[in-house]
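Q: Next up, start-v8.cif (mmCIF, C-alpha atoms and all ligand atoms).
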```
data_work
#
loop_
_atom_site.group_PDB
_atom_site.id
_atom_site.type_symbol
_atom_site.label_atom_id
_atom_site.label_comp_id
_atom_site.auth_asym_id
_atom_site.auth_seq_id
_atom_site.Cartn_x
_atom_site.Cartn_y
_atom_site.Cartn_z
ATOM 1 C CA MET T 1180 30.450 -38.985 8.299
ATOM 2 C CA LYS T 1181 29.423 -36.082 10.447
ATOM 3 C CA THR T 1182 28.093 -32.863 8.943
ATOM 4 C CA SER T 1183 29.733 -29.530 9.727
ATOM 5 C CA ARG T 1184 28.848 -25.871 9.293
ATOM 6 C CA THR T 1185 30.343 -22.936 7.433
ATOM 7 C CA ALA T 1186 29.722 -19.179 7.397
ATOM 8 C CA VAL T 1187 28.965 -17.215 4.237
ATOM 9 C CA LEU T 1188 28.595 -13.452 3.800
ATOM 10 C CA VAL T 1189 27.139 -11.912 0.674
ATOM 11 C CA LYS T 1190 29.118 -8.680 0.634
ATOM 12 C CA PRO T 1191 27.740 -5.187 -0.200
ATOM 13 C CA ASP T 1192 28.605 -5.630 -3.900
ATOM 14 C CA GLY T 1193 26.690 -8.933 -3.995
ATOM 15 C CA LEU T 1194 23.676 -7.234 -2.439
ATOM 16 C CA GLN T 1195 23.859 -4.336 -4.915
ATOM 17 C CA ARG T 1196 24.281 -6.710 -7.851
ATOM 18 C CA GLY T 1197 21.071 -8.523 -6.900
ATOM 19 C CA LEU T 1198 22.831 -11.851 -6.364
ATOM 20 C CA ILE T 1199 21.340 -12.924 -3.022
ATOM 21 C CA GLY T 1200 18.790 -15.282 -4.581
ATOM 22 C CA GLU T 1201 21.271 -16.688 -7.109
ATOM 23 C CA ILE T 1202 23.807 -17.445 -4.375
ATOM 24 C CA ILE T 1203 21.286 -19.065 -2.036
ATOM 25 C CA SER T 1204 19.951 -21.079 -4.934
ATOM 26 C CA ARG T 1205 23.399 -22.448 -5.838
ATOM 27 C CA PHE T 1206 23.997 -23.692 -2.278
ATOM 28 C CA GLU T 1207 20.492 -25.173 -2.078
ATOM 29 C CA ARG T 1208 20.862 -26.979 -5.397
ATOM 30 C CA LYS T 1209 24.208 -28.403 -4.309
ATOM 31 C CA GLY T 1210 22.481 -30.109 -1.401
ATOM 32 C CA LEU T 1211 23.644 -27.945 1.486
ATOM 33 C CA LYS T 1212 21.232 -27.162 4.299
ATOM 34 C CA LEU T 1213 20.535 -23.566 5.355
ATOM 35 C CA VAL T 1214 20.636 -23.363 9.167
ATOM 36 C CA GLY T 1215 21.041 -19.595 9.727
ATOM 37 C CA LEU T 1216 20.226 -16.453 7.725
ATOM 38 C CA LYS T 1217 20.184 -12.749 8.532
ATOM 39 C CA MET T 1218 20.712 -9.297 7.031
ATOM 40 C CA LEU T 1219 22.819 -6.908 9.055
ATOM 41 C CA ARG T 1220 25.203 -4.006 8.853
ATOM 42 C CA MET T 1221 28.437 -5.152 10.479
ATOM 43 C CA ASP T 1222 29.780 -2.712 13.073
ATOM 44 C CA ASP T 1223 33.378 -1.741 13.709
ATOM 45 C CA GLN T 1224 33.908 -4.338 16.426
ATOM 46 C CA GLN T 1225 32.440 -7.188 14.350
ATOM 47 C CA LEU T 1226 34.641 -6.208 11.385
ATOM 48 C CA ASP T 1227 37.780 -6.043 13.534
ATOM 49 C CA GLN T 1228 37.029 -9.540 14.838
ATOM 50 C CA TRP T 1229 36.042 -10.921 11.448
ATOM 51 C CA TYR T 1230 39.149 -9.655 9.654
ATOM 52 C CA SER T 1231 41.618 -9.942 12.566
ATOM 53 C CA GLU T 1232 44.072 -11.946 10.410
ATOM 54 C CA HIS T 1233 44.224 -9.034 7.917
ATOM 55 C CA ARG T 1234 44.803 -6.306 10.527
ATOM 56 C CA GLU T 1235 48.349 -5.575 9.310
ATOM 57 C CA LYS T 1236 47.531 -5.708 5.588
ATOM 58 C CA ALA T 1237 47.561 -2.581 3.444
ATOM 59 C CA PHE T 1238 43.983 -3.192 2.309
ATOM 60 C CA PHE T 1239 42.553 -3.645 5.843
ATOM 61 C CA ARG T 1240 41.146 -0.130 6.237
ATOM 62 C CA ASP T 1241 39.539 -0.080 2.762
ATOM 63 C CA LEU T 1242 38.134 -3.552 3.306
ATOM 64 C CA LYS T 1243 36.544 -2.493 6.596
ATOM 65 C CA THR T 1244 35.110 0.697 5.087
ATOM 66 C CA PHE T 1245 33.660 -1.296 2.190
ATOM 67 C CA MET T 1246 32.217 -4.065 4.365
ATOM 68 C CA GLY T 1247 30.692 -1.596 6.830
ATOM 69 C CA SER T 1248 29.265 0.679 4.138
ATOM 70 C CA MET T 1249 26.064 -1.248 3.591
ATOM 71 C CA PRO T 1250 24.108 -4.226 4.858
ATOM 72 C CA ILE T 1251 25.327 -7.698 4.103
ATOM 73 C CA VAL T 1252 23.545 -11.058 4.179
ATOM 74 C CA ALA T 1253 25.043 -13.653 6.512
ATOM 75 C CA MET T 1254 24.286 -17.356 6.266
ATOM 76 C CA VAL T 1255 25.280 -20.624 7.837
ATOM 77 C CA TRP T 1256 25.247 -23.739 5.634
ATOM 78 C CA GLU T 1257 25.531 -27.334 6.799
ATOM 79 C CA GLY T 1258 26.606 -30.558 5.104
ATOM 80 C CA ILE T 1259 29.423 -33.089 4.956
ATOM 81 C CA ASP T 1260 32.664 -31.098 4.429
ATOM 82 C CA ALA T 1261 30.663 -27.854 4.295
ATOM 83 C CA VAL T 1262 33.794 -25.620 4.402
ATOM 84 C CA PRO T 1263 35.605 -27.022 1.322
ATOM 85 C CA VAL T 1264 32.359 -27.629 -0.576
ATOM 86 C CA VAL T 1265 31.275 -23.996 -0.189
ATOM 87 C CA ARG T 1266 34.753 -22.721 -1.076
ATOM 88 C CA LEU T 1267 34.650 -24.715 -4.323
ATOM 89 C CA LEU T 1268 31.312 -23.147 -5.215
ATOM 90 C CA VAL T 1269 32.616 -19.666 -4.300
ATOM 91 C CA GLY T 1270 35.894 -19.792 -6.297
ATOM 92 C CA THR T 1271 39.278 -18.175 -5.695
ATOM 93 C CA THR T 1272 39.630 -14.662 -4.235
ATOM 94 C CA LEU T 1273 40.411 -12.712 -7.410
ATOM 95 C CA GLY T 1274 37.194 -12.722 -9.423
ATOM 96 C CA ARG T 1275 38.820 -12.331 -12.813
ATOM 97 C CA GLN T 1276 40.920 -15.451 -12.247
ATOM 98 C CA ALA T 1277 38.230 -17.515 -10.567
ATOM 99 C CA GLU T 1278 37.082 -20.692 -12.299
ATOM 100 C CA GLY T 1279 34.041 -20.469 -14.565
ATOM 101 C CA GLY T 1280 31.111 -22.130 -12.864
ATOM 102 C CA SER T 1281 32.061 -20.731 -9.455
ATOM 103 C CA ILE T 1282 30.210 -17.716 -8.027
ATOM 104 C CA ARG T 1283 33.200 -15.371 -8.303
ATOM 105 C CA GLY T 1284 34.161 -16.897 -11.665
ATOM 106 C CA ASP T 1285 30.709 -16.299 -13.097
ATOM 107 C CA PHE T 1286 29.974 -12.888 -11.590
ATOM 108 C CA GLY T 1287 33.157 -11.185 -10.345
ATOM 109 C CA MET T 1288 36.109 -9.196 -11.712
ATOM 110 C CA SER T 1289 37.721 -7.771 -8.572
ATOM 111 C CA GLN T 1290 39.859 -8.712 -5.577
ATOM 112 C CA GLN T 1291 38.078 -6.632 -2.956
ATOM 113 C CA MET T 1292 34.659 -6.597 -4.634
ATOM 114 C CA ASN T 1293 34.510 -10.381 -4.766
ATOM 115 C CA LEU T 1294 30.839 -10.688 -3.840
ATOM 116 C CA ILE T 1295 31.013 -13.292 -1.125
ATOM 117 C CA HIS T 1296 33.004 -14.570 1.825
ATOM 118 C CA ALA T 1297 33.288 -18.219 2.843
ATOM 119 C CA SER T 1298 35.043 -19.611 5.940
ATOM 120 C CA SER T 1299 38.461 -21.087 5.237
ATOM 121 C CA SER T 1300 38.546 -23.780 7.963
ATOM 122 C CA ASN T 1301 36.260 -25.382 10.544
ATOM 123 C CA GLU T 1302 37.913 -23.265 13.261
ATOM 124 C CA ASP T 1303 37.311 -20.075 11.267
ATOM 125 C CA ALA T 1304 33.737 -21.123 10.612
ATOM 126 C CA GLN T 1305 33.079 -21.569 14.326
ATOM 127 C CA ARG T 1306 34.659 -18.196 15.130
ATOM 128 C CA GLU T 1307 32.852 -16.359 12.328
ATOM 129 C CA ILE T 1308 29.463 -17.875 13.101
ATOM 130 C CA GLU T 1309 29.776 -16.670 16.713
ATOM 131 C CA ILE T 1310 30.587 -13.099 15.587
ATOM 132 C CA VAL T 1311 27.288 -12.745 13.751
ATOM 133 C CA PHE T 1312 24.814 -15.325 15.081
ATOM 134 C CA GLY T 1313 23.364 -15.957 18.507
ATOM 135 C CA LYS T 1314 22.653 -19.577 19.517
ATOM 136 C CA ASP T 1315 18.890 -19.025 19.094
ATOM 137 C CA GLU T 1316 19.445 -17.851 15.499
ATOM 138 C CA LEU T 1317 20.886 -21.186 14.377
ATOM 139 C CA PHE T 1318 18.619 -24.137 13.636
ATOM 140 C CA HIS T 1319 18.658 -27.919 13.722
ATOM 141 C CA TYR T 1320 16.058 -29.679 11.613
ATOM 142 C CA HIS T 1321 15.680 -32.773 9.492
ATOM 143 C CA GLY T 1322 15.949 -32.020 5.766
ATOM 144 C CA VAL T 1323 13.578 -34.334 3.897
ATOM 145 C CA THR T 1324 15.725 -34.291 0.738
ATOM 146 C CA GLU T 1325 18.758 -35.655 2.619
ATOM 147 C CA ALA T 1326 17.494 -39.168 1.829
ATOM 148 C CA VAL T 1327 18.321 -38.548 -1.838
ATOM 149 C CA ILE T 1328 21.277 -36.180 -1.407
ATOM 150 C CA TYR T 1329 23.299 -38.700 0.634
ATOM 151 C CA ALA T 1330 23.315 -42.495 0.600
ATOM 152 C CA GLU T 1331 21.778 -44.357 3.523
ATOM 153 C CA GLY T 1332 24.176 -44.266 6.474
ATOM 154 C CA GLU T 1333 26.494 -41.713 4.823
ATOM 155 C CA VAL T 1334 25.525 -39.017 7.333
ATOM 156 C CA GLU T 1335 25.918 -39.760 11.025
ATOM 157 C CA PRO T 1336 22.752 -38.644 12.788
ATOM 158 C CA SER T 1337 23.271 -35.750 15.194
ATOM 159 C CA GLU T 1338 21.638 -35.622 18.649
ATOM 160 C CA ASP T 1339 20.293 -32.172 17.698
ATOM 161 C CA ASP T 1340 18.267 -33.430 14.694
ATOM 162 C CA SER T 1341 14.524 -33.529 15.208
HETATM 163 P P1 LIG G 1401 37.761 -12.822 1.596
HETATM 164 O O1 LIG G 1401 38.741 -13.847 1.214
HETATM 165 O O2 LIG G 1401 36.354 -13.126 1.758
HETATM 166 O O3 LIG G 1401 38.274 -12.130 2.970
HETATM 167 C C1 LIG G 1401 39.334 -11.200 2.931
HETATM 168 C C2 LIG G 1401 38.995 -10.156 1.914
HETATM 169 O O4 LIG G 1401 39.954 -9.152 1.743
HETATM 170 C C3 LIG G 1401 38.907 -10.814 0.534
HETATM 171 O O5 LIG G 1401 37.804 -11.662 0.495
HETATM 172 C C4 LIG G 1401 38.852 -9.607 -0.352
HETATM 173 O O6 LIG G 1401 37.547 -9.019 -0.351
HETATM 174 C C5 LIG G 1401 39.800 -8.667 0.411
HETATM 175 N N1 LIG G 1401 41.128 -8.686 -0.192
HETATM 176 C C6 LIG G 1401 42.012 -9.693 -0.226
HETATM 177 N N2 LIG G 1401 43.144 -9.315 -0.842
HETATM 178 C C7 LIG G 1401 42.969 -8.020 -1.180
HETATM 179 C C8 LIG G 1401 43.769 -7.063 -1.833
HETATM 180 N N3 LIG G 1401 45.010 -7.366 -2.251
HETATM 181 N N4 LIG G 1401 43.267 -5.835 -2.025
HETATM 182 C C9 LIG G 1401 42.042 -5.529 -1.599
HETATM 183 N N5 LIG G 1401 41.231 -6.394 -0.970
HETATM 184 C C10 LIG G 1401 41.675 -7.614 -0.764
#
```
Have the structure of the file written as structure tokens, please.
A:
Amino acid sequence: MKTSRTAVLVKPDGLQRGLIGEIISRFERKGLKLVGLKMLRMDDQQLDQWYSEHREKAFFRDLKTFMGSMPIVAMVWEGIDAVPVVRLLVGTTLGRQAEGGSIRGDFGMSQQMNLIHASSSNEDAQREIEIVFGKDELFHYHGVTEAVIYAEGEVEPSEDDS
């Protein structure tokens, strides 16, 4: 199978709670590969693009204010089925209902302050990655542990791997 990529944001509350390392560690231990990482403060235009599907929602303005209030940490993770795998690790939107063992289930109580964002589809991932990352900020490399994370032949080699 081919690998794919997904976008993750650790939101301002995740930064303030000191959860950056914990979150990265969970994705690393799962066997996902980190291919992009940066800290930034999202501007108005980036937030409008990022949350375009929520433009008409009552919480849109508060969400934008919250997300633009502080820096966030953006990441791109790669693996087979990266989008659903990361969403499982993240948990459902409302922290107090999220499954124990997930990031929101273990650390969150809120709907808005839910620590982390994860792309909901491959199309969203592509769109979100382009909002935050330039092409030269995303990497292709061979992960030496892949030989024990996947069975031989399970991952189709990509032309970009070196
Ligand atoms: P996420 O799913 O990452 O992207 C949309 C965000 O909107 C969501 O996380 C929450 O942070 C926020 N959100 C969703 N529903 C509500 C709500 N009812 N009230 C406030 N914020 C919300």
Q: Could you pull out the residues sitting within 8 Å of ligand LIG 1401 (chain G), using only C-alpha atoms and all ligand atoms, and write them as a VMD selection string?
A: chain T and resid 1230 1233 1237 to 1239 1241 to 1242 1272 to 1273 1290 to 1298
Q: Write the residues of the preceding selection, restricted to C-alpha atoms, as a compact mmCIF listing (two decimals), in the frame of the given file.
A:
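The resulting file, selection06.txt, is shown below:
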```
# COMPACT_ATOMS: atom_id res chain seq x y z
CA TYR T 1230 39.15 -9.65 9.65
CA HIS T 1233 44.22 -9.03 7.92
CA ALA T 1237 47.56 -2.58 3.44
CA PHE T 1238 43.98 -3.19 2.31
CA PHE T 1239 42.55 -3.64 5.84
CA ASP T 1241 39.54 -0.08 2.76
CA LEU T 1242 38.13 -3.55 3.31
CA THR T 1272 39.63 -14.66 -4.24
CA LEU T 1273 40.41 -12.71 -7.41
CA GLN T 1290 39.86 -8.71 -5.58
CA GLN T 1291 38.08 -6.63 -2.96
CA MET T 1292 34.66 -6.60 -4.63
CA ASN T 1293 34.51 -10.38 -4.77
CA LEU T 1294 30.84 -10.69 -3.84
CA ILE T 1295 31.01 -13.29 -1.12
CA HIS T 1296 33.00 -14.57 1.82
CA ALA T 1297 33.29 -18.22 2.84
CA SER T 1298 35.04 -19.61 5.94
```
Q: Which one is closest to Phe1206 of chain T: T:Ile1310, T:Met1249, T:Met1288, T:Val1265? Count only C-alpha atoms.
A: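 That would be T:Val1265, the residue with the smallest distance to Phe1206 of chain T.
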Q: Between T:Ser1183, T:Gln1305, T:Ser1300, T:Gln1224, which has the minimum distance to Glu1335 of chain T (counting all atoms listed in the file)?
A: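 Smallest separation from Glu1335 of chain T among the options: T:Ser1183.
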Q: Got a sec to resolve the PyMOL selection byres (((chain T and resi 1223) around 12) and not hetatm) on this structure and send the residues as an NGL selection string?
A: :T and (1220-1222 or 1224-1231 or 1240 or 1242-1248 or 1310)
Q: Selection in question (the file shown): the PyMOL selection byres (((chain T and resi 1271) around 10) and not hetatm). Which residues does it include, as number ranges by chain?
A: T: 1266-1270, 1272-1278, 1281-1284, 1290, 1293
Q: From the options T:Lys1314, T:Arg1184, T:Lys1217, T:Arg1196, which residue's atoms come nearest to Ala1253 of chain T, counting all atoms listed in the file?
A: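 Under the stated criterion, the closest residue is T:Lys1217.
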Q: Taking into account all atoms listed in the file, which residue in the set T:Glu1207, T:Ile1202, T:Val1334, T:Leu1213 is nearest to Lys1190 of chain T?
A: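 Of the candidates, the smallest distance to Lys1190 of chain T is held by T:Ile1202.
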Q: Which one of T:Gly1258, T:Gly1210, T:Gly1287, T:Pro1263 sits closest to Leu1198 of chain T if you count all atoms listed in the file?
A: T:Gly1287
Q: Hey, which of T:Pro1250, T:Leu1211, T:Asp1260, T:Glu1235 ends up closest to Glu1325 of chain T? Count all atoms listed in the file.
A: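 Result for the nearest residue to Glu1325 of chain T: T:Leu1211.
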Q: Using the chain letters and numbers from the file, which residues does the PyMOL selection byres (((chain T and resi 1324) around 12) and not hetatm) grab, as a ChimeraX atom specification?
A: /T:1207-1212,1320-1323,1325-1330
Q: What's around Ile1259 of chain T at 7 Å? Count only C-alpha atoms, leave out sequence neighbours fewer than 6 positions away in its own chain, and write the answer as a ChimeraX atom specification.
A: /T:1180-1183
Q: Calculate how many Å separate atom CA of Ala1186 of chain T from atom CA of Asp1303 of chain T, rounding to one decimal.
A: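 Taking atom CA of Ala1186 of chain T and atom CA of Asp1303 of chain T, their separation equals 8.6 Å.
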Q: Just how far from atom CA of Leu1216 of chain T is atom CA of Val1255 of chain T, in Å to one decimal?
A: 6.6 Å
Q: What is the atom CA of Ile1199 of chain T-atom CA of Phe1318 of chain T distance in Å, reported with one decimal?
A: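 So the two atoms, atom CA of Ile1199 of chain T and atom CA of Phe1318 of chain T, lie 20.3 Å apart.
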